[in-house]
Each structure stands twice: as structure tokens, then as C-alpha cells.
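Chemist: I have a structure here, written as C-alpha cells, and I will follow up with some questions on it.
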Protein chains: 2
Amino acid sequence: MARKTGSHAQITGPKIRSEALRLFARHGFAAVSMRQIAAAVGVQAGALYLYTPDKEALLFDLLKTHMDELLEAWAGEPRGAGPVEALEAFVRFHIRFNLSRPDAVFLSYMELRNLGSANFVMIEDLRKAYERELEEILIAGQQAKVFAIPDTKLATMALIAMLTGVTTWFREGGRLSQARIAAIYWDMARKAVGA
Amino acid sequence: MARKTGSHAQITGPKIRSEALRLFARHGFAAVSMRQIAAAVGVQAGALYLYTPDKEALLFDLLKTHMDELLEAWAGEPRGAGPVEALEAFVRFHIRFNLSRPDAVFLSYMELRNLGSANFVMIEDLRKAYERELEEILIAGQQAKVFAIPDTKLATMALIAMLTGVTTWFREGGRLSQARIAAIYWDMARKAVGA
DNA sequence: GTTTTAACTGAACATCCGTTCAGCGGCAAA
DNA sequence: TTTGCCGCTGAACGGATGTTCAGTTAAAAC
């Protein structure tokens, strides 16, 4: 046997990435074998190597794509005039974006350690760039005296950790809607920075 | 060769747990082999099975011990009279305890998925019990009208995520001392709940 | 000084791992 | 109708995996 009916290159590639993402997020990078991914795609293990040079590159591709999309989406996000409006935009954006990609968020926070050092640094830098976006909002608000923050760096890490945590417990169709959750988190974030 | 000079049972057991904890936290449960743990301990792989029935039981033991110690330490922690004082005690305790055991904290949040369902539920229940401790403080403060929280359950998750996040970036000897960090986080937590 | 026992070795088990590659079937262009 | 090649198979590679166990030795018990 060889290729099944029809041409599949433009289906198989994306499907490998989506199945790998799902499996890595569920069981962890090291716990998922190339054969498991292949089986989920409906293909033999060898075929995966037409789309990725090796297993780590597959993980890196998923993480890099996620971070690129995150930064690009935030860059295209409308935000208000002042620091308070900018912070509200960031809070709502972060929750909305992360809840739309729970698997990728989980991977980004858990599986960085499975990357070689060069790849690790690349993802780490993208993450720092994103954190810097929030910190600049906090610094602007601090200078405009609309925020009261003892340390903008710590506040950045605290807020991001708080917001990202939503992905660990949120379930679609739960007690609260996504909009309600975002409103509550914005309320807490606003108070936390003294605005 | 067999046993080296001296009796080692009371050394080897704890050493297996501490080395396994370190390696699991660094590389992930699935990525660490029994032979790697054995090598770190200074023993052959087969000897590990005198101390644990299998690899998953070793992970479970680490997680269970961590959660037990966490709950026990909090139970023995002095806390003030009112909800505000209790929240301050919780914030400072959580940061101090988690920073003293970064590997175990990391494991607890990342490797639950490698547990069988029975073991998973046990650890999950202990975690819920700990979260409940915080929520009860928030509920008490809400009723006493010293806190202004839209939703105590969400506030619980938000605060714990914020506080636990410290372990992901804190490095001994960094820009800020642990006491200063705890003070800043307490400031933000207090504001976030409207106290 | 002898026996017992606790602590560990080292080899073996079947199975799985990531990765490579010669070959083949189905499709499109000529 | 033939040719060429894209997308994939299926087997194979060396090595690693978790786990078991008969055997061995140092120390403890008598």
C-alpha cells in the first residue's frame, strides 16, 4: 500500500501539528511518541518526517507559532487612550486569547525545558517581549500617577500569573461566562494596581 | 559486588526521593528514567524497587508528601484575629512555603497528569482543601464587609495563581529579598480584594 | 566463629523509542 | 497511454525503557 486516494499534503501537515499539540498538552512532550501522533493523524510514523526534521522541531514549531500569534494579535488589538484603558484592554485580551488556545498556553508554560538552549532562548525572548508590553503600560500609569505600584516588574509577573491561571480551571459551560470572568478579573487587576 | 560498607537503608530511601524530585522537576516525569535516578543516588536501577513498587508510586509519594506538608504547615501557622490579618498570614505563608520547595511546587502543578485516576483524585482533593482554606478567609472578610469581592471562588483562584507564580521567576540573591517580595505581593493582594 | 539478614548488584526480559529509507501506489501532466 | 513524482508505507536500525530476580557481600545477631 502507499498513498490513499486523493492528495493530502495540505491536510496532513496541519493535522500533525494540531494532533501533536493536543497530545503534548494532555500527556507531556516526553510521554508522547511519534507513533502515537502518527496514529492520531492516521498515518505511519515515518510520514511525520516529511513535515518535521525531528520531534523537538515539532514542539518548537508549536511554541514559536503560538508566541508569534500572541504578539501579533496583541499588536493588532485596539486599546484606549490612557494607561487605565490600556490595562483593561490587556487584561481582556489576555484572558480571551489564552482561553481560545488552552493547549498551546499549557505547552508554553510546561514544555520549554524540552527545547535545546538555542530554541529555548528564542521562545523565552518572545515571552519577555510580551511581558514587556504589560510592564510598559504599568510604567506609563505609574508616571501618570493613575497607578500606585511598589514595583512594576513584580506587578507585571503577578498580573500575568493571575490572568494566565484562568486556563487551568476554566471549563466551557461552567458557572460563569467568559465575559463575566473577564469583568471580574479586570476588577481585581484594576484594584491591585491602585487604579 | 553487593552492598558497600555501612548500612544505608536510612540514607538511600530519602536520597531516592530527593534525587527523583530534583530530576522530575528539571526534566519532567516521563523524560527521567529509573536508571538516571539510580545513577544520581549512586546505586543500580534494580535497587530502587526496594523502596518503591514502581515509578508512578514514586511520583505519587512526592506529590502526596508535599501536599500533606503544605496543609500541615498552614494548620500550624499563626494567623491574626480578623479576615485581613488572616489573609496577610496566608499570603506570606504561601510565598514563604512555596519558595522553600520550588521543585515540589513545580511538580505539583505539572505532573498531576502522569498519575492514575485514583491517585490523581487524592492529590486533587488535597489541593482543593488548601484552596478552600483561602476561600474561607475571603468569605469571612466578605461577610464582615472588610473585603469587596465580586466572586470569592474566582478571587481564590486568582490570588493563588498570582502567589504561586513567584516560584517561576524567583532566584535567590536577585534584585529583591524574599521579605520585600512578600510585602509587595501582600500589598497587591490586599488591594485586589478591596481591603 | 558461625549463622542470619539487610542492602544491593548485574544481567536479563519483552517492549518501546526516534529515525531512516527503499519501494510502491495513485494522480497529473505530456 | 506513458512518464514522472508526490505522499506514504512498512520494515528495519541501535539503543533505551520499566521491571524482575538469582546471586553476593557486609554487617548484625547469636
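Labels used: A, B, ... for chains in the order of the C-alpha cells, numbers from 1 for residues in each chain, and numbers from 1 for ligands as shown.
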Can you move chain A onto chain B by a least-squares fit over all C-alpha atoms paired in order, then give me the moved copy as a CSV table (one decimal) with C-alpha atoms, in the first residue's frame?
Modeler:
chain,number,residue,atom,x,y,z
A,1,MET,CA,30.0,-6.9,44.2
A,2,ALA,CA,27.1,-6.2,46.5
A,3,ARG,CA,26.6,-3.8,49.3
A,4,LYS,CA,29.3,-1.3,50.0
A,5,THR,CA,30.7,-0.7,53.4
A,6,GLY,CA,28.2,0.4,56.0
A,7,SER,CA,24.4,0.1,56.2
A,8,HIS,CA,22.6,2.4,53.9
A,9,ALA,CA,18.8,1.8,54.1
A,10,GLN,CA,18.2,5.0,56.0
A,11,ILE,CA,20.2,7.1,53.6
A,12,THR,CA,19.2,5.5,50.3
A,13,GLY,CA,15.5,5.9,50.8
A,14,PRO,CA,15.4,9.7,51.4
A,15,LYS,CA,18.1,10.2,48.8
A,16,ILE,CA,16.0,8.4,46.1
A,17,ARG,CA,13.1,10.8,46.9
A,18,SER,CA,15.2,13.9,46.8
A,19,GLU,CA,17.0,13.0,43.6
A,20,ALA,CA,13.8,11.9,41.9
A,21,LEU,CA,12.2,15.2,43.0
A,22,ARG,CA,15.1,17.2,41.5
A,23,LEU,CA,15.2,15.3,38.3
A,24,PHE,CA,11.4,15.2,37.7
A,25,ALA,CA,11.2,18.9,38.3
A,26,ARG,CA,14.1,19.6,35.9
A,27,HIS,CA,13.2,17.3,33.0
A,28,GLY,CA,9.7,16.1,33.6
A,29,PHE,CA,8.4,12.8,34.9
A,30,ALA,CA,8.3,10.9,31.6
A,31,ALA,CA,11.7,12.2,30.5
A,32,VAL,CA,13.5,10.8,33.5
A,33,SER,CA,14.4,7.1,33.6
A,34,MET,CA,14.7,4.9,36.6
A,35,ARG,CA,18.4,4.4,35.6
A,36,GLN,CA,19.0,8.2,35.7
A,37,ILE,CA,17.5,8.4,39.2
A,38,ALA,CA,19.6,5.4,40.3
A,39,ALA,CA,22.8,6.9,38.9
A,40,ALA,CA,22.1,10.2,40.8
A,41,VAL,CA,21.7,8.2,44.0
A,42,GLY,CA,24.8,6.1,43.3
A,43,VAL,CA,23.0,2.7,43.0
A,44,GLN,CA,21.8,0.3,40.3
A,45,ALA,CA,18.3,0.7,38.9
A,46,GLY,CA,17.0,-2.5,40.5
A,47,ALA,CA,17.7,-1.2,44.0
A,48,LEU,CA,15.1,1.5,43.6
A,49,TYR,CA,12.4,-1.2,43.7
A,50,LEU,CA,13.3,-2.0,47.3
A,51,TYR,CA,11.9,1.5,48.1
A,52,THR,CA,9.1,2.0,45.7
A,53,PRO,CA,6.7,-0.5,43.9
A,54,ASP,CA,7.0,1.4,40.6
A,55,LYS,CA,7.8,4.7,39.0
A,56,GLU,CA,4.4,6.2,39.4
A,57,ALA,CA,4.2,5.4,43.1
A,58,LEU,CA,7.5,7.3,43.5
A,59,LEU,CA,5.9,10.4,41.9
A,60,PHE,CA,2.7,10.0,43.9
A,61,ASP,CA,4.7,9.7,47.1
A,62,LEU,CA,6.5,13.0,46.3
A,63,LEU,CA,3.2,14.8,45.5
A,64,LYS,CA,1.3,13.4,48.5
A,65,THR,CA,4.1,14.3,50.9
A,66,HIS,CA,4.3,17.8,49.6
A,67,MET,CA,0.5,18.4,49.9
A,68,ASP,CA,0.5,16.9,53.4
A,69,GLU,CA,3.3,19.1,54.5
A,70,LEU,CA,1.6,22.1,53.0
A,71,LEU,CA,-1.7,21.6,54.7
A,72,GLU,CA,0.0,20.7,58.0
A,73,ALA,CA,2.3,23.7,57.9
A,74,TRP,CA,-0.7,26.0,57.2
A,75,ALA,CA,-2.7,24.4,60.0
A,76,GLY,CA,0.2,25.2,62.4
A,77,GLU,CA,0.6,28.7,61.1
A,78,PRO,CA,-0.3,31.6,63.5
A,79,ARG,CA,-2.9,33.9,62.0
A,80,GLY,CA,-4.4,37.2,63.3
A,81,ALA,CA,-7.9,37.9,64.6
A,82,GLY,CA,-9.8,39.3,61.6
A,83,PRO,CA,-10.1,38.4,57.9
A,84,VAL,CA,-7.5,41.0,56.8
A,85,GLU,CA,-4.9,39.6,59.2
A,86,ALA,CA,-5.8,36.0,58.2
A,87,LEU,CA,-5.3,36.9,54.5
A,88,GLU,CA,-2.0,38.6,55.2
A,89,ALA,CA,-0.9,35.4,57.1
A,90,PHE,CA,-2.0,33.3,54.1
A,91,VAL,CA,-0.2,35.4,51.6
A,92,ARG,CA,3.0,35.5,53.5
A,93,PHE,CA,2.8,31.8,54.4
A,94,HIS,CA,2.1,30.7,50.8
A,95,ILE,CA,5.0,32.6,49.4
A,96,ARG,CA,7.4,31.5,52.1
A,97,PHE,CA,6.4,27.8,51.9
A,98,ASN,CA,6.4,27.6,48.1
A,99,LEU,CA,9.8,29.4,47.8
A,100,SER,CA,11.3,26.9,50.2
A,101,ARG,CA,10.2,24.0,48.0
A,102,PRO,CA,10.3,25.2,44.4
A,103,ASP,CA,10.8,21.7,42.9
A,104,ALA,CA,7.9,20.2,44.7
A,105,VAL,CA,5.6,23.1,43.8
A,106,PHE,CA,6.6,22.8,40.1
A,107,LEU,CA,5.9,19.0,40.2
A,108,SER,CA,2.5,19.5,41.8
A,109,TYR,CA,1.4,21.8,39.1
A,110,MET,CA,2.9,20.0,36.1
A,111,GLU,CA,2.9,16.3,36.7
A,112,LEU,CA,-0.5,15.5,38.1
A,113,ARG,CA,-1.4,14.2,34.7
A,114,ASN,CA,1.0,11.3,35.0
A,115,LEU,CA,-0.9,9.9,37.9
A,116,GLY,CA,-3.5,7.2,37.6
A,117,SER,CA,-7.0,8.4,38.2
A,118,ALA,CA,-7.3,7.2,41.8
A,119,ASN,CA,-4.0,8.9,42.8
A,120,PHE,CA,-5.0,11.9,40.8
A,121,VAL,CA,-8.2,12.4,42.7
A,122,MET,CA,-6.3,12.1,46.1
A,123,ILE,CA,-3.9,14.9,45.2
A,124,GLU,CA,-6.6,17.0,43.6
A,125,ASP,CA,-8.7,16.8,46.8
A,126,LEU,CA,-5.8,17.9,48.9
A,127,ARG,CA,-5.3,20.9,46.6
A,128,LYS,CA,-9.0,21.8,46.8
A,129,ALA,CA,-8.8,21.6,50.6
A,130,TYR,CA,-5.9,24.1,50.5
A,131,GLU,CA,-7.8,26.4,48.2
A,132,ARG,CA,-10.8,26.1,50.4
A,133,GLU,CA,-8.7,27.5,53.3
A,134,LEU,CA,-8.1,30.7,51.3
A,135,GLU,CA,-11.7,30.9,50.1
A,136,GLU,CA,-13.0,30.7,53.7
A,137,ILE,CA,-10.9,33.7,54.6
A,138,LEU,CA,-12.3,35.6,51.7
A,139,ILE,CA,-15.9,34.6,52.5
A,140,ALA,CA,-15.4,35.7,56.2
A,141,GLY,CA,-14.0,39.1,55.0
A,142,GLN,CA,-16.8,39.5,52.5
A,143,GLN,CA,-19.4,38.9,55.2
A,144,ALA,CA,-17.6,41.3,57.6
A,145,LYS,CA,-17.7,43.8,54.8
A,146,VAL,CA,-13.9,44.4,55.0
A,147,PHE,CA,-13.4,42.8,51.5
A,148,ALA,CA,-15.2,43.8,48.3
A,149,ILE,CA,-15.0,40.7,46.0
A,150,PRO,CA,-17.3,40.1,43.1
A,151,ASP,CA,-16.8,36.3,43.3
A,152,THR,CA,-14.9,34.5,46.1
A,153,LYS,CA,-14.2,31.4,44.1
A,154,LEU,CA,-12.6,33.4,41.3
A,155,ALA,CA,-10.8,35.6,43.7
A,156,THR,CA,-9.4,32.4,45.3
A,157,MET,CA,-8.1,31.1,42.1
A,158,ALA,CA,-6.7,34.5,41.0
A,159,LEU,CA,-4.9,35.0,44.3
A,160,ILE,CA,-3.4,31.5,44.4
A,161,ALA,CA,-2.2,31.7,40.8
A,162,MET,CA,-0.7,35.1,41.4
A,163,LEU,CA,1.2,34.0,44.6
A,164,THR,CA,2.3,30.6,43.2
A,165,GLY,CA,3.7,32.4,40.2
A,166,VAL,CA,6.6,33.7,42.3
A,167,THR,CA,8.3,30.3,42.2
A,168,THR,CA,8.6,30.6,38.4
A,169,TRP,CA,10.9,33.6,38.4
A,170,PHE,CA,12.3,34.0,41.9
A,171,ARG,CA,16.1,33.4,42.2
A,172,GLU,CA,18.0,33.5,45.4
A,173,GLY,CA,20.2,36.6,45.6
A,174,GLY,CA,18.2,38.5,43.0
A,175,ARG,CA,17.2,42.1,42.9
A,176,LEU,CA,14.6,41.8,45.8
A,177,SER,CA,14.7,39.9,49.1
A,178,GLN,CA,12.1,37.3,49.9
A,179,ALA,CA,10.7,39.6,52.6
A,180,ARG,CA,10.4,42.5,50.2
A,181,ILE,CA,8.7,40.4,47.6
A,182,ALA,CA,6.2,39.1,50.2
A,183,ALA,CA,5.4,42.7,51.3
A,184,ILE,CA,4.8,43.8,47.7
A,185,TYR,CA,2.6,40.8,47.0
A,186,TRP,CA,0.6,41.4,50.2
A,187,ASP,CA,0.1,45.0,49.1
A,188,MET,CA,-1.3,43.9,45.7
A,189,ALA,CA,-3.4,41.1,47.2
A,190,ARG,CA,-4.9,43.4,49.8
A,191,LYS,CA,-5.8,46.0,47.2
A,192,ALA,CA,-7.2,43.3,44.9
A,193,VAL,CA,-9.8,42.2,47.4
A,194,GLY,CA,-10.7,45.8,48.2
A,195,ALA,CA,-9.2,45.9,51.8
Chemist: I need the contact residues of chain D against chain B, so if you could list those with any atom within 9 Å, counting only C-alpha atoms (C1' of nucleotides), and return them as number ranges by chain, that would help.
Modeler: D: 17-20, 24-27
Chemist: Taking only C-alpha atoms (C1' of nucleotides) into account, what are the residues of chain C at most 8 Å from chain A, put as a list in words?
Modeler: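 Written out as asked, the residues are DC17, DG18, DT19, DC24, DG25, DG26 and DC27 of chain C.
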Chemist: Keeping all heavy atoms for every residue in the selection just given, could you write it to a file as a short mmCIF file (atom, residue, chain, number, x, y, z; two decimals), in the first residue's frame?
Modeler:
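What follows is the written file selection_24.cif:
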data_model
loop_
_atom_site.label_atom_id
_atom_site.label_comp_id
_atom_site.auth_asym_id
_atom_site.auth_seq_id
_atom_site.Cartn_x
_atom_site.Cartn_y
_atom_site.Cartn_z
P DC C 17 6.45 4.11 22.14
OP1 DC C 17 5.61 5.13 22.81
OP2 DC C 17 6.02 3.48 20.87
"O5'" DC C 17 7.91 4.72 21.92
"C5'" DC C 17 8.67 5.16 23.05
"C4'" DC C 17 10.03 5.59 22.57
"O4'" DC C 17 10.84 4.42 22.34
"C3'" DC C 17 10.04 6.32 21.24
"O3'" DC C 17 9.82 7.69 21.49
"C2'" DC C 17 11.46 6.06 20.74
"C1'" DC C 17 11.80 4.68 21.33
N1 DC C 17 11.76 3.51 20.39
C2 DC C 17 12.93 3.10 19.74
O2 DC C 17 13.96 3.74 19.92
N3 DC C 17 12.88 2.02 18.93
C4 DC C 17 11.72 1.35 18.77
N4 DC C 17 11.72 0.28 17.97
C5 DC C 17 10.52 1.76 19.42
C6 DC C 17 10.58 2.83 20.22
P DG C 18 9.35 8.63 20.33
OP1 DG C 18 8.85 9.88 20.93
OP2 DG C 18 8.46 7.84 19.45
"O5'" DG C 18 10.68 8.95 19.52
"C5'" DG C 18 11.74 9.64 20.16
"C4'" DG C 18 12.93 9.73 19.23
"O4'" DG C 18 13.31 8.39 18.82
"C3'" DG C 18 12.66 10.49 17.93
"O3'" DG C 18 13.83 11.23 17.59
"C2'" DG C 18 12.36 9.38 16.92
"C1'" DG C 18 13.24 8.25 17.41
N9 DG C 18 12.68 6.91 17.12
C8 DG C 18 11.39 6.48 17.32
N7 DG C 18 11.18 5.24 16.96
C5 DG C 18 12.42 4.83 16.50
C6 DG C 18 12.81 3.57 15.95
O6 DG C 18 12.13 2.54 15.79
N1 DG C 18 14.16 3.56 15.59
C2 DG C 18 15.01 4.64 15.73
N2 DG C 18 16.27 4.45 15.33
N3 DG C 18 14.65 5.82 16.23
C4 DG C 18 13.34 5.84 16.59
P DT C 19 13.84 12.24 16.34
OP1 DT C 19 14.89 13.26 16.54
OP2 DT C 19 12.45 12.66 16.07
"O5'" DT C 19 14.33 11.29 15.16
"C5'" DT C 19 15.58 10.63 15.29
"C4'" DT C 19 15.80 9.68 14.14
"O4'" DT C 19 14.95 8.52 14.28
"C3'" DT C 19 15.49 10.24 12.74
"O3'" DT C 19 16.71 10.33 12.03
"C2'" DT C 19 14.53 9.23 12.13
"C1'" DT C 19 14.72 8.00 13.00
N1 DT C 19 13.54 7.08 13.07
C2 DT C 19 13.70 5.78 12.69
O2 DT C 19 14.76 5.32 12.29
N3 DT C 19 12.58 5.00 12.78
C4 DT C 19 11.32 5.40 13.21
O4 DT C 19 10.39 4.61 13.25
C5 DT C 19 11.22 6.79 13.60
C7 DT C 19 9.90 7.33 14.06
C6 DT C 19 12.32 7.56 13.51
P DC C 24 8.36 -2.39 -5.02
OP1 DC C 24 8.39 -3.86 -4.90
OP2 DC C 24 8.96 -1.71 -6.20
"O5'" DC C 24 6.86 -1.92 -4.88
"C5'" DC C 24 6.24 -1.85 -3.60
"C4'" DC C 24 5.14 -0.80 -3.63
"O4'" DC C 24 5.67 0.51 -3.30
"C3'" DC C 24 4.48 -0.66 -5.01
"O3'" DC C 24 3.09 -0.60 -4.83
"C2'" DC C 24 5.02 0.68 -5.50
"C1'" DC C 24 5.13 1.44 -4.19
N1 DC C 24 6.03 2.63 -4.26
C2 DC C 24 5.60 3.84 -3.69
O2 DC C 24 4.49 3.90 -3.16
N3 DC C 24 6.43 4.92 -3.75
C4 DC C 24 7.62 4.82 -4.33
N4 DC C 24 8.40 5.91 -4.36
C5 DC C 24 8.07 3.60 -4.92
C6 DC C 24 7.26 2.55 -4.86
P DG C 25 2.13 -1.36 -5.89
OP1 DG C 25 2.00 -2.77 -5.48
OP2 DG C 25 2.59 -1.01 -7.26
"O5'" DG C 25 0.73 -0.65 -5.65
"C5'" DG C 25 0.33 -0.29 -4.35
"C4'" DG C 25 -0.23 1.12 -4.34
"O4'" DG C 25 0.85 2.08 -4.46
"C3'" DG C 25 -1.20 1.41 -5.49
"O3'" DG C 25 -2.32 2.05 -4.93
"C2'" DG C 25 -0.41 2.35 -6.41
"C1'" DG C 25 0.51 3.06 -5.44
N9 DG C 25 1.78 3.54 -5.97
C8 DG C 25 2.71 2.82 -6.69
N7 DG C 25 3.77 3.53 -7.00
C5 DG C 25 3.52 4.77 -6.47
C6 DG C 25 4.31 5.95 -6.50
O6 DG C 25 5.43 6.12 -7.01
N1 DG C 25 3.69 7.00 -5.83
C2 DG C 25 2.46 6.92 -5.22
N2 DG C 25 2.03 8.03 -4.63
N3 DG C 25 1.71 5.83 -5.18
C4 DG C 25 2.30 4.80 -5.82
P DG C 26 -3.70 2.11 -5.69
OP1 DG C 26 -4.78 1.82 -4.72
OP2 DG C 26 -3.58 1.34 -6.94
"O5'" DG C 26 -3.77 3.65 -6.07
"C5'" DG C 26 -4.07 4.59 -5.06
"C4'" DG C 26 -3.70 5.97 -5.53
"O4'" DG C 26 -2.34 5.96 -6.01
"C3'" DG C 26 -4.57 6.51 -6.66
"O3'" DG C 26 -5.05 7.78 -6.26
"C2'" DG C 26 -3.61 6.63 -7.86
"C1'" DG C 26 -2.25 6.77 -7.17
N9 DG C 26 -1.10 6.26 -7.92
C8 DG C 26 -0.95 5.01 -8.46
N7 DG C 26 0.20 4.84 -9.05
C5 DG C 26 0.86 6.04 -8.88
C6 DG C 26 2.14 6.44 -9.30
O6 DG C 26 2.99 5.80 -9.92
N1 DG C 26 2.42 7.77 -8.93
C2 DG C 26 1.57 8.57 -8.23
N2 DG C 26 1.99 9.81 -7.94
N3 DG C 26 0.35 8.21 -7.82
C4 DG C 26 0.07 6.94 -8.18
P DC C 27 -6.33 8.42 -7.02
OP1 DC C 27 -7.20 8.95 -5.97
OP2 DC C 27 -6.84 7.45 -8.04
"O5'" DC C 27 -5.68 9.64 -7.79
"C5'" DC C 27 -4.99 10.65 -7.05
"C4'" DC C 27 -4.05 11.39 -7.94
"O4'" DC C 27 -3.05 10.50 -8.44
"C3'" DC C 27 -4.69 12.03 -9.17
"O3'" DC C 27 -4.70 13.43 -9.00
"C2'" DC C 27 -3.81 11.57 -10.36
"C1'" DC C 27 -2.57 11.02 -9.65
N1 DC C 27 -1.87 9.91 -10.36
C2 DC C 27 -0.53 10.08 -10.76
O2 DC C 27 0.02 11.16 -10.55
N3 DC C 27 0.12 9.07 -11.38
C4 DC C 27 -0.51 7.91 -11.60
N4 DC C 27 0.17 6.93 -12.21
C5 DC C 27 -1.87 7.69 -11.20
C6 DC C 27 -2.50 8.71 -10.58
#
Chemist: Could you state the separation of atom C1' of C:DT9 and atom C1' of D:DG14 in Å, given to one decimal place?
Modeler: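 Separation between atom C1' of C:DT9 and atom C1' of D:DG14: 25.6 Å.
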Chemist: Name the residues of stretch 13-188 of chain A that fall into alpha helix (DSSP H) according to DSSP on the backbone, using the chain letters and numbers of this document, as a tab-separated table (two decimals) with C-alpha atoms, in the first residue's frame.
Modeler:
chain	number	residue	atom	x	y	z
A	13	GLY	CA	0.75	18.96	7.71
A	14	PRO	CA	-1.73	20.98	9.77
A	15	LYS	CA	-3.26	17.82	11.19
A	16	ILE	CA	0.11	16.68	12.50
A	17	ARG	CA	0.54	19.99	14.28
A	18	SER	CA	-2.94	20.02	15.78
A	19	GLU	CA	-2.77	16.40	16.97
A	20	ALA	CA	0.75	16.87	18.35
A	21	LEU	CA	-0.42	19.97	20.22
A	22	ARG	CA	-3.36	18.12	21.71
A	23	LEU	CA	-1.30	15.09	22.74
A	24	PHE	CA	1.67	17.07	24.10
A	25	ALA	CA	-0.67	19.21	26.20
A	26	ARG	CA	-2.53	16.17	27.57
A	27	HIS	CA	0.36	13.84	28.34
A	34	MET	CA	5.94	9.83	17.29
A	35	ARG	CA	3.91	6.67	16.67
A	36	GLN	CA	1.09	7.98	18.84
A	37	ILE	CA	0.99	11.24	16.92
A	38	ALA	CA	1.07	9.36	13.63
A	39	ALA	CA	-1.79	7.11	14.73
A	40	ALA	CA	-3.89	10.14	15.70
A	41	VAL	CA	-3.25	11.64	12.28
A	55	LYS	CA	10.43	15.61	17.39
A	56	GLU	CA	11.90	18.66	19.10
A	57	ALA	CA	11.44	20.78	15.98
A	58	LEU	CA	7.77	19.85	16.05
A	59	LEU	CA	7.47	21.14	19.62
A	60	PHE	CA	9.45	24.27	18.78
A	61	ASP	CA	7.22	24.97	15.80
A	62	LEU	CA	4.12	24.78	18.00
A	63	LEU	CA	5.58	27.08	20.66
A	64	LYS	CA	7.01	29.56	18.17
A	65	THR	CA	3.75	29.77	16.23
A	66	HIS	CA	1.83	30.34	19.46
A	67	MET	CA	4.09	33.16	20.64
A	68	ASP	CA	4.09	34.80	17.20
A	69	GLU	CA	0.31	34.71	17.05
A	70	LEU	CA	0.07	36.06	20.59
A	71	LEU	CA	2.31	39.04	19.89
A	72	GLU	CA	0.70	39.69	16.52
A	73	ALA	CA	-2.81	39.56	17.97
A	74	TRP	CA	-1.89	41.96	20.77
A	75	ALA	CA	-0.23	44.31	18.29
A	83	PRO	CA	-2.94	53.64	30.91
A	84	VAL	CA	-6.13	52.51	32.64
A	85	GLU	CA	-7.83	51.83	29.33
A	86	ALA	CA	-4.68	50.13	28.03
A	87	LEU	CA	-4.53	47.88	31.08
A	88	GLU	CA	-8.17	46.95	30.68
A	89	ALA	CA	-7.54	46.12	27.03
A	90	PHE	CA	-4.57	43.95	28.01
A	91	VAL	CA	-6.45	42.09	30.72
A	92	ARG	CA	-9.41	41.34	28.48
A	93	PHE	CA	-7.20	40.43	25.54
A	94	HIS	CA	-5.00	38.11	27.58
A	95	ILE	CA	-7.93	36.19	29.00
A	96	ARG	CA	-9.74	35.97	25.67
A	97	PHE	CA	-6.67	34.90	23.69
A	98	ASN	CA	-5.45	32.35	26.23
A	99	LEU	CA	-8.88	30.79	26.69
A	100	SER	CA	-9.11	30.32	22.93
A	102	PRO	CA	-5.69	26.38	26.23
A	103	ASP	CA	-3.46	23.60	24.87
A	104	ALA	CA	-0.89	25.98	23.43
A	105	VAL	CA	-0.83	28.04	26.62
A	106	PHE	CA	-0.29	24.92	28.69
A	107	LEU	CA	2.54	23.78	26.40
A	108	SER	CA	4.22	27.17	26.51
A	109	TYR	CA	4.43	27.09	30.28
A	110	MET	CA	5.33	23.44	30.76
A	117	SER	CA	19.16	26.01	24.53
A	118	ALA	CA	19.07	27.95	21.25
A	119	ASN	CA	15.38	27.26	20.73
A	120	PHE	CA	14.71	27.89	24.41
A	121	VAL	CA	16.20	31.37	24.23
A	122	MET	CA	14.10	32.25	21.18
A	123	ILE	CA	10.82	31.40	22.91
A	124	GLU	CA	11.97	32.97	26.16
A	125	ASP	CA	12.70	36.23	24.34
A	126	LEU	CA	9.26	36.30	22.78
A	127	ARG	CA	7.73	35.75	26.17
A	128	LYS	CA	9.78	38.58	27.65
A	129	ALA	CA	8.67	40.84	24.82
A	130	TYR	CA	5.05	40.10	25.69
A	131	GLU	CA	5.64	40.73	29.39
A	132	ARG	CA	7.36	43.97	28.44
A	133	GLU	CA	4.14	45.10	26.74
A	134	LEU	CA	2.31	44.87	30.05
A	135	GLU	CA	5.14	46.44	32.03
A	136	GLU	CA	5.18	49.47	29.76
A	137	ILE	CA	1.51	50.02	30.44
A	138	LEU	CA	2.19	49.83	34.16
A	139	ILE	CA	5.15	52.21	33.91
A	140	ALA	CA	3.07	54.71	31.92
A	141	GLY	CA	0.30	54.53	34.51
A	142	GLN	CA	2.82	54.89	37.31
A	143	GLN	CA	4.29	58.02	35.75
A	152	THR	CA	6.36	47.43	38.12
A	153	LYS	CA	8.39	44.30	37.36
A	154	LEU	CA	6.79	42.35	40.17
A	155	ALA	CA	3.36	43.70	39.31
A	156	THR	CA	3.87	42.51	35.73
A	157	MET	CA	4.70	38.98	36.81
A	158	ALA	CA	1.91	38.95	39.39
A	159	LEU	CA	-0.74	40.10	36.93
A	160	ILE	CA	0.32	37.74	34.15
A	161	ALA	CA	0.38	34.78	36.52
A	162	MET	CA	-3.05	35.73	37.83
A	163	LEU	CA	-4.56	36.09	34.37
A	164	THR	CA	-2.92	33.02	32.85
A	166	VAL	CA	-7.68	31.14	34.29
A	167	THR	CA	-6.77	28.50	31.71
A	168	THR	CA	-6.07	25.93	34.43
A	169	TRP	CA	-9.62	25.82	35.77
A	178	GLN	CA	-16.13	34.13	29.74
A	179	ALA	CA	-17.32	37.76	29.66
A	180	ARG	CA	-18.24	37.68	33.35
A	181	ILE	CA	-14.88	36.16	34.26
A	182	ALA	CA	-13.03	38.82	32.28
A	183	ALA	CA	-15.03	41.55	34.05
A	184	ILE	CA	-14.20	40.14	37.48
A	185	TYR	CA	-10.52	39.74	36.69
A	186	TRP	CA	-10.39	43.27	35.34
A	187	ASP	CA	-11.93	44.49	38.58
A	188	MET	CA	-9.28	42.69	40.64
Chemist: What's the separation between atom C1' of D:DA28 and atom C1' of C:DC8, in Å to one decimal place?
Modeler: 16.6 Å
